[in-house]
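These notes are about the structure you will find just below.
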Amino acid sequence: MDRLLRVESLSKNGILKDISFIVYKGEMIAVMGPSGSGKSTLLYNVSGMDNADDGKVWLKDTEIVGLSEEERAKIRLKKMGFVFQQMNVLSNLNVIDNIMFPAVYANGKKREKQIREKALKLMEEFEIGDLADHMTNEVSGGQLQRACILRSIMMDPEILFADEPTGALNQRAAGTVIDTFITLNKEGATILMVTHDSKVALKCDRVLYILDGVLKGELVLGKYEHEQEEERQKKINVWLNSFGW
Amino acid sequence: MYRRMIINDLKKNRLVSAAVCIFMAISACFIGLTVLLFASLLGSVDKLMTEAKTCDFLQMHSGDMDQEELKAFAKTREDVEDMLVSSFLNMDNSIISLNGRLLTDSTQDNGFCVQNKNFDYMLGMDNEILKPEEGTVYVPVCYKNEYDLEKGQIMKVCDIEFVIGGFLRDSQMNSMMASSKRFLVNPADYMRLEQYGSTEYLIEFLIKDGYDINAFSTAYGDAGLPCNGPKITAPLIRMMNALSDGVMILVILLVSVVVLIISLICIRYIVITGMEKDRKEAGMLKALGLSGKDIKNVYILKYMLLSLAGGVAGGGAAFAVSGPLGRQMRMLYGPAGNTAGIIMVSLAGIVLTEFIILCFVRGILGKNDRLSAVEAIRDSGFIAKRKTDSLMWISVVMAAALFLMLVPLNLASTVSSGKFVSYMGVGQSQIRMDIRQCDDIKRVSKDIYEKLRRDARVERSALMQTMSYRASVNGEENVELLTEEGNHTVFPLKFISGREPLAEGEIALSMLMAQELSCDTGDTILLYRSEKAESYTICGIYSDITNGGKTAKIYSDPLSGITDERPDVIWSIIYIDLKSGEDMTAWINEYQGYFNEYGNSVKIVDIAQYMDGTYGQTIRRIKLAAFTSILVSCLIIFIVILLFTRLKIWQEKKDIVLKKAIGVSCYHIRRDYLVQTLFYILAGILTGIVMGIVPGQMLAGKLMGMFGAAGFRFILDRRMVYLIIPFISLIVAILGVRTATREAVTIKITPEL
Amino acid sequence: MRNDVILKAKDLSKTFSNESVQQHVLKNLSLEVYKGDFTVVMGNSGSGKSTLLYALSGMDRPTLGTITYYVDDDSKGTKKEEGIEISKFSNDKLAMFRRNHAGFVFQQNYLNDSMSALDNVMVSGLLRNKDRKALAEKAKKLLERVEINERDSKKFPAQLSGGQQQRVAVVRGVINSPEVLFADEPTGALNSQNTTNVLDILSELNSEGQSIVMVTHTLKAAERGSRIIYLADGVISDECDLGEYAGDYQDDENPDKEKARKRHEKLKDFLQAMGW
């Protein structure tokens with residue numbers, strides 16, 4: 001399997017302590033742990049949004065930690081996608097413009113028409129096609145989060161990061177969002193997702209457990225099949241319990 | 001404990017707190033200055049009028065008068081405390097010269113008087129009652145700066161010379177609005193001067209305390225006593241005294257109001273953003289059980305502290321600046337008594353200003369009350385509403401700044417332009433020769449003129465001779481017309497209506513003269529060029545700011561027109577244009593040599609030099625004002641744009657963090673702000689340019705109209721107005737935006753998203 | 001009605017209107033809270049837990065329904081039995097009420113950055129107690145109890161750890177001896193050790209008689225409760241009584257591990273049944 005992301009001895013300010021792991025192409029990885037354990041911080045450091053104190057992170061062949069602010073920004077733009085818990089959008093743009101934003105920024109006005117077509121197609125595919133011209137405060141949380149996911153894949157990134165994407169959603173919306181991720185993963189996307197919801201984690205290939213900044217353990221579940229749901233749930237519960245979850 | 005909280009809060013938000021304090025200080029400074037100057041003015045005027053024992057009622061009268069009648073009247077009145085009749089020897093301005101300069105330019109009726117015995121004293125610079133010796137004259141203090149006078153210089157009336165013994169304060173005529181000015185001489189000298197002027201009488205009364213002056217005024221009128229002239233009462237005198245310098249104070253007041261409004265706008269923005277920043281903390285305080293009012297009180301303490309600092313700083317500045325600004329006032333009216341009272345009033349003004357600002361802030365803080373505790377903590381509650389506000393204000397500020405920069409600039413460029421002469425009642429020429437104050441001006445002028453006509457290097461020349469003719473208009477006799485005779489077609493000037501006089505019987509009037517005589521093109525007046533009255537038709541009206549703005553022009557052939565029968569020529573001017581390619585400086589030097597025999601009487605200058613000599617001082621003042629205005633405006637632009645952009649960035653923090661996360665580079669984030677704001681900056685600059693030209697011209701036009709310049713139009717320095725000033729403004733504005741966006745770079749992406 | 005009811009909500013409804021959209025968060029909910037209980041409110045995201053908390057605590061007004069407190073109110077001379085109904089109170093009146101009867105701890109401690117820890121507590125205390133000296137004494141004692149020593153109490157929040165900050169927030173919440181302490185995910189932002197510390201403090205206070213109403217979504221915190229109320233879609237799904245298993249909570253030192261285990265099981269089963 002291809003190594004997509006390699007994290008080596010990552011440390012940050014007492015919040016992360018010497019963390020190492022690998023993400024392979026096509027995997028969907030869940031990162032779990034109690035609040036304050038450093039999960040989100042891990043995400044921000046691995047993606048280059050924050051600057052780690054120590055350690056290295058390779059995205060394919062490029063080492064990220066040593067790069068300058070501007071260089072990391074470039075990598076984020078072209079090779080990474082982000083979905084946040086709070087469904088952060090640019091409030092003065094409508095839904096489709098939000099989705100198009102990173103692509104338009106990267107490519108300039110020239111290819112805007114093509115970008116729009118692509119965005120519309122994705123929106124149709126994920127069943128929010130008729131929301132294109134709505135303003136962001138006119139759509140539900142689940143719909144908005146799905147739009148954010150689409151935004152994150154517009155540039156065909158190497159890897160998708162998600163920080164508690166269902167945290168602010170109700171059951172139903174959370175379900176559709178997770179389904180979106182699963183669909184993308186089936187289509188080949190590599191996803192690293194922080195979550196506190198075991199029902200989400202059980203749908204991932206692997207689960208990492210972070211406790212007080214330390215990587216305590218790893219659970220390999222393999223590719224998700226619907227029939228395996230109950231079994232996986234049991235497995236993950238037992239595993240989580242062992243950490244005092 | 002709250003004290004510590006406030007101090008820490010101030011430390012954390014240094015820039016913003018400083019900005020609020022500065023606005024408070026500037027407001028306090030301007031308003032404090034206004035109050036201070038005004039109170040000082042009133043105080044000075046009051047003191048002067050008290051020490052000079054100004055009369056309560058003054059009736060001017062020319063013609064016969066029976067003193068006994070007046071005395072009898074006074075005796076019958078129980079409200080009359082004292083009475084006097086003073087003589088005012090009204091002189092023709094053209095025969096008076098101060099330190100070599102004729103008073104012909106003066107708009108005042110200048111005359112002589114002697115010191116009164118009982119009241120209405122002419123006071124010296126220490127407010128002492130003056131008693132001039134023979135051969136000495138005391139000059140009204142307002143002329144000191146105007147004619148650059150010093151003690152010991154010479155004042156001439158025709159051939160009689162006086163030594164200037166000092167300067168006087170005339171409580172009744174000090175103000176430039178009073179149209180007469182009194183020079184004080186010894187009684188013996190007064191007698192010697194009588195033949196040169198015409199006597200007018202000042203009939204003055206002192207009314208006892210508690211009695212109504214207006215009642216007395218009516219009674220005087222009813223009694224059929226001498227009243228051939230204007231009358232005035234003490235309250236009016238006081239008002240005129242106050243008003244003349246009051247105009248400057250009025251201007252400062254206007255600026256103060258504008259400054260206060262701008263300050264309030266900026267403070268409002270700052271306070272609202274501050275409240276937004278502290279919203280969650282305030283929400284917590286609410287949860288704890290503090291009511292909206294309690295929270296308001298906590299925050300208001302911070303602003304009270306800032307207003308204290310601002311008030312002190314601003315007040316201090318006001319007091320410091322009032323010194324130099326009030327110098328002119330103090331010279332004219334003397335020092336103000338009751339310094340303590342003045343200081344108190346000024347302090348009250350400053351305190352009131354800060355109080356107004358604080359009330360305003362309190363009102364804004366009240367917006368907090370809208371939110372319940374929950375809404376404050378959650379993200380759903382927002383205090384500030386509209387987001388494009390800040391951009392609009394940037395446009396407004398840019399426009400205002402441009403206006404402030406351009407109007408004085410345009411004024412300066414207009415006055416210093418060669419074309420400005422058209423407002424001076426004369427056409428454009430390269431060189432001018434002034435012939436004054438010499439024996440037989442008529443002959444000398446003719447000689448010089450003939451010489452010029454023989455000089456091949458001269459392209460064209462025109463001899464203009466000015467005399468003072470009596471005229472009768474609409475039944476009103478004895479109007480003095482300062483009339484310029486000659487051929488007005490050589491150097492044509494612009495007319496507001498009609499045209500120049502081309503033949504005998506035609507006369508053109510300056511705008512102010514026409515206004516004063518209430519006549520227009522087509523009317524007739526009677527002109528006394530000799531003993532006989534001649535009928536002249538008004539053929540045109542022109543702009544003239546010289547000689548008080550009131551002049552006339554008639555046609556006459558330069559060589560043959562002026563004969564010995566006519567009254568004396570007061571002065572002659574010859575306008576000259578040289579052929580192209582001629583060396584003007586050399587030519588002037590050559591002719592200067594020829595005129596040495598005439599001594600000082602003949603002066604020859606090129607127009608540029610002339611303009612500089614006459615208006616140089618004024619132009620320099622205006623240019624200084626323009627330069628200062630540019631500096632101040634640029635400062636305002638920078639500060640306000642920096643402020644509003646910073647606030648905008650803070651408001652949009654979430655969006656910025658998201659963009660950074662996605663991978664938008666800092667460079668692009670900063671550039672986006674610049675591009676966004678640029679539109680509004682440019683819109684503001686454009687508006688400002690238009691305003692500086694159109695309404696600015698109207699404003700300046702009104703001002704210049706008062707001096708006699710009709711149809712005033714800006715003569716723009718195109719390069720400055722359309723290129724340099726907008727460019728500078730743009731650079732400063734961009735600098736402001738760039739400095740503000742530097743902060744955007746430091747915003748960190750944190751899990752608090 | 002039981003005679004130890006301290007707070008009663010009846011037919012509580014809360015609807016949020018955002019221009020055209022209306023969200024019904026609480027639907028005709030009725031609830032009694034008992035004195036001395038550690039009441040825990042759980043439910044999935046969007047179930048309305050926090051909204052219920054804010055309504056009960058007087059932080060927000062409900063759209064419909066009543067909320068009655070059965071407490072002594074000296075300022076009004078109201079006796080317990082009459083009950084004080086707060087659902088129609090103005091913002092200022094609610095503030096007054098909260099000042100005297102309710103304490104708060106939030107997930108984010110919202111301590112004032114510009115004041116020391118001690119001052120943060122004092123600000124709250126001064127609202128009710130004008131005697132500075134006595135108040136300072138009480139504050140210092142309470143802070144010591146939560147292991148914030150004298151030196152630390154003078155530090156600014158930024159200089160304290162997340163756990164310390166939250167402990168200060170708890171002290172601030174109880175300094176006025178409120179009848180009810182309301183906590184909204186108090187351990188949400190803390191690591192495991194700090195979570196335990198804060199929960200211990202809450203348990204201790206409860207064992208001394210402090211009524212607590214706490215919203216949480218973690219099992220570890222919920223376990224501390226004596227009564228678990230489960231919300232789903234704005235109504236109460238069911239309740240679970242853990243009172244019989246009350247006792248020491250520290251797993252390692254727990255002499256009666258059996259109790260702890262049973263409590264844990266009962267809660268887990270209950271939550272699973274709820275679909276959590």
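By convention in this document, the chains of the structure tokens carry letters A, B, ... by their order, each chain's residues are numbered from 1, and ligands are numbered from 1 in the order they are shown.
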
Exercise for the section: Tell me the residues of chain A close to chain B, meaning within 8 Å using only C-alpha atoms, as a PyMOL selection string. Expected result: chain A and resi 40-41+44+49-50+70+72-78+81-82+84-86+88-91+102+105

Problem - Close residues, His264 of chain C itself excluded, 10 Å, only C-alpha atoms, min 4 positions apart in chain, as an MDAnalysis selection string - result: chainID C and resid 219:220 222:224 242 245 258:260 268:270

Written selection (C-alpha atoms) as a PDB file, in the first residue's frame:
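Resulting contents of again.pdb:
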```pdb
ATOM      1  CA  LEU C 219     -20.508   8.806  30.549  1.00  0.00           C
ATOM      2  CA  LYS C 220     -17.772   9.581  33.016  1.00  0.00           C
ATOM      3  CA  ALA C 222     -22.973  11.389  33.946  1.00  0.00           C
ATOM      4  CA  GLU C 223     -22.019   8.697  36.375  1.00  0.00           C
ATOM      5  CA  ARG C 224     -21.747  11.254  39.137  1.00  0.00           C
ATOM      6  CA  LEU C 242     -28.783   6.053  40.310  1.00  0.00           C
ATOM      7  CA  TYR C 245     -25.515   3.391  43.981  1.00  0.00           C
ATOM      8  CA  GLU C 258     -19.170  -3.362  43.306  1.00  0.00           C
ATOM      9  CA  LYS C 259     -21.371  -0.299  43.731  1.00  0.00           C
ATOM     10  CA  ALA C 260     -19.405   1.607  41.186  1.00  0.00           C
ATOM     11  CA  LYS C 268     -24.759   2.145  30.301  1.00  0.00           C
ATOM     12  CA  ASP C 269     -27.790  -0.015  29.795  1.00  0.00           C
ATOM     13  CA  PHE C 270     -30.075   2.920  30.236  1.00  0.00           C
TER      14      PHE C 270
END
```

As a short mmCIF file (atom, residue, chain, number, x, y, z; two decimals) with N, CA, C and O atoms, in the first residue's frame, please: the residues near Lys216 of chain A (cut-off 10 Å, only C-alpha atoms, same-chain neighbours under 4 positions excluded).
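Contents of selection_7.cif, freshly written:
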```cif
data_model
loop_
_atom_site.label_atom_id
_atom_site.label_comp_id
_atom_site.auth_asym_id
_atom_site.auth_seq_id
_atom_site.Cartn_x
_atom_site.Cartn_y
_atom_site.Cartn_z
N ILE A 19 4.32 11.77 18.83
CA ILE A 19 3.34 10.90 18.16
C ILE A 19 3.87 10.46 16.80
O ILE A 19 4.37 11.26 16.02
N GLY A 33 -10.46 10.05 21.34
CA GLY A 33 -9.83 10.33 22.63
C GLY A 33 -10.71 11.32 23.38
O GLY A 33 -11.54 11.98 22.76
N LEU A 208 -7.38 5.43 15.84
CA LEU A 208 -6.26 5.74 16.73
C LEU A 208 -6.81 6.34 18.01
O LEU A 208 -7.77 7.10 17.96
N TYR A 209 -6.22 5.99 19.15
CA TYR A 209 -6.68 6.55 20.40
C TYR A 209 -5.60 7.43 21.01
O TYR A 209 -4.49 7.00 21.26
N ILE A 210 -5.96 8.69 21.23
CA ILE A 210 -5.03 9.64 21.84
C ILE A 210 -5.51 9.95 23.25
O ILE A 210 -6.67 10.27 23.46
N LEU A 211 -4.60 9.86 24.21
CA LEU A 211 -4.94 10.21 25.58
C LEU A 211 -3.85 11.09 26.14
O LEU A 211 -2.68 10.70 26.16
N ASP A 212 -4.22 12.28 26.54
CA ASP A 212 -3.27 13.24 27.10
C ASP A 212 -2.04 13.43 26.21
O ASP A 212 -0.90 13.43 26.66
N PHE A 243 -9.39 1.80 27.42
CA PHE A 243 -8.69 3.05 27.70
C PHE A 243 -9.40 3.87 28.76
O PHE A 243 -8.99 4.97 29.09
#
```

Practice task
Enumerate as a VMD selection string the residues belonging to chain C that approach chain B to within 7 Å, with only C-alpha atoms taken into account.
Solution key: chain C and resid 59 to 60 91 to 92 95 to 96 98 to 99 103 110 112 114 to 115 119 124

Selection above as a file: all heavy atoms, as a compact mmCIF listing (two decimals), in the first residue's frame:
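And here is the file that came out, result22.txt:
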```txt
# COMPACT_ATOMS: atom_id res chain seq x y z
N MET C 59 -31.48 31.91 32.52
CA MET C 59 -30.60 32.62 31.59
C MET C 59 -31.37 33.07 30.36
O MET C 59 -30.98 33.97 29.65
CB MET C 59 -29.47 31.67 31.12
CG MET C 59 -28.47 31.39 32.18
SD MET C 59 -27.15 32.57 32.09
CE MET C 59 -26.34 31.99 30.63
N ASP C 60 -32.46 32.39 30.14
CA ASP C 60 -33.24 32.67 28.94
C ASP C 60 -34.70 32.48 29.30
O ASP C 60 -35.02 31.73 30.21
CB ASP C 60 -32.81 31.69 27.84
CG ASP C 60 -33.22 32.19 26.47
OD1 ASP C 60 -33.66 33.35 26.37
OD2 ASP C 60 -33.09 31.41 25.51
N ASN C 91 -35.30 40.95 31.82
CA ASN C 91 -33.87 40.62 31.87
C ASN C 91 -33.24 41.03 33.19
O ASN C 91 -32.46 40.31 33.79
CB ASN C 91 -33.13 41.29 30.71
CG ASN C 91 -33.24 40.47 29.44
OD1 ASN C 91 -33.49 39.27 29.48
ND2 ASN C 91 -33.06 41.11 28.31
N ASP C 92 -33.58 42.23 33.63
CA ASP C 92 -32.99 42.71 34.87
C ASP C 92 -33.45 41.89 36.05
O ASP C 92 -32.67 41.57 36.95
CB ASP C 92 -33.37 44.19 35.08
CG ASP C 92 -32.43 45.10 34.31
OD1 ASP C 92 -31.44 44.59 33.75
OD2 ASP C 92 -32.69 46.31 34.26
N ALA C 95 -31.71 38.68 36.10
CA ALA C 95 -30.34 38.86 36.56
C ALA C 95 -30.30 38.87 38.09
O ALA C 95 -29.47 38.22 38.72
CB ALA C 95 -29.75 40.16 36.01
N MET C 96 -31.22 39.62 38.64
CA MET C 96 -31.33 39.71 40.10
C MET C 96 -31.55 38.33 40.69
O MET C 96 -30.95 37.94 41.69
CB MET C 96 -32.51 40.61 40.41
CG MET C 96 -32.42 41.44 41.66
SD MET C 96 -30.80 42.15 41.95
CE MET C 96 -31.08 42.71 43.59
N ARG C 98 -30.92 35.35 39.35
CA ARG C 98 -29.76 34.48 39.19
C ARG C 98 -28.70 34.81 40.23
O ARG C 98 -28.06 33.94 40.80
CB ARG C 98 -29.15 34.66 37.79
CG ARG C 98 -29.94 34.04 36.69
CD ARG C 98 -29.08 33.92 35.44
NE ARG C 98 -28.56 35.20 34.99
CZ ARG C 98 -29.22 36.03 34.21
NH1 ARG C 98 -30.43 35.73 33.80
NH2 ARG C 98 -28.66 37.17 33.83
N ARG C 99 -28.57 36.09 40.47
CA ARG C 99 -27.57 36.54 41.42
C ARG C 99 -27.78 35.87 42.76
O ARG C 99 -26.84 35.48 43.44
CB ARG C 99 -27.68 38.07 41.53
CG ARG C 99 -26.65 38.71 42.40
CD ARG C 99 -27.06 40.12 42.68
NE ARG C 99 -27.02 40.92 41.47
CZ ARG C 99 -26.86 42.24 41.48
NH1 ARG C 99 -26.73 42.88 42.61
NH2 ARG C 99 -26.86 42.91 40.36
N GLY C 103 -26.13 29.37 40.48
CA GLY C 103 -24.70 29.45 40.19
C GLY C 103 -24.44 28.77 38.86
O GLY C 103 -25.23 27.93 38.43
N TYR C 110 -15.00 31.17 30.79
CA TYR C 110 -15.34 32.60 30.71
C TYR C 110 -14.82 33.38 31.89
O TYR C 110 -15.49 34.25 32.42
CB TYR C 110 -16.86 32.80 30.64
CG TYR C 110 -17.49 32.23 29.40
CD1 TYR C 110 -18.58 31.40 29.49
CD2 TYR C 110 -16.97 32.53 28.15
CE1 TYR C 110 -19.17 30.87 28.36
CE2 TYR C 110 -17.55 32.00 27.01
CZ TYR C 110 -18.66 31.16 27.12
OH TYR C 110 -19.23 30.65 26.02
N ASN C 112 -12.61 36.25 33.51
CA ASN C 112 -12.18 37.53 33.00
C ASN C 112 -10.66 37.58 32.96
O ASN C 112 -10.01 37.46 33.99
CB ASN C 112 -12.73 38.63 33.90
CG ASN C 112 -12.55 40.00 33.26
OD1 ASN C 112 -11.46 40.34 32.81
ND2 ASN C 112 -13.61 40.77 33.22
N SER C 114 -8.65 39.90 32.59
CA SER C 114 -7.96 41.05 33.18
C SER C 114 -7.98 41.02 34.70
O SER C 114 -7.54 41.97 35.34
CB SER C 114 -8.61 42.36 32.70
OG SER C 114 -8.90 42.28 31.34
N MET C 115 -8.49 39.96 35.29
CA MET C 115 -8.53 39.91 36.75
C MET C 115 -7.89 38.62 37.24
O MET C 115 -7.90 37.62 36.54
CB MET C 115 -9.98 39.92 37.25
CG MET C 115 -10.70 41.22 37.03
SD MET C 115 -12.20 41.29 38.02
CE MET C 115 -13.29 40.33 37.05
N ASP C 119 -9.95 37.53 42.22
CA ASP C 119 -10.83 38.63 41.88
C ASP C 119 -12.03 38.15 41.09
O ASP C 119 -13.15 38.65 41.27
CB ASP C 119 -10.08 39.70 41.07
CG ASP C 119 -9.19 40.55 41.96
OD1 ASP C 119 -9.47 40.60 43.17
OD2 ASP C 119 -8.23 41.15 41.46
N SER C 124 -18.12 37.86 41.61
CA SER C 124 -19.39 37.18 41.76
C SER C 124 -19.91 37.32 43.18
O SER C 124 -21.09 37.59 43.41
CB SER C 124 -19.20 35.71 41.39
OG SER C 124 -20.42 35.05 41.41
```

Exercise for the section: Pull out every residue of chain C sitting within 10 Å of chain A, counting only C-alpha atoms, and send them as a PyMOL selection string. Expected result: chain C and resi 18-21+44-47+162+187-195+218-220+233+276
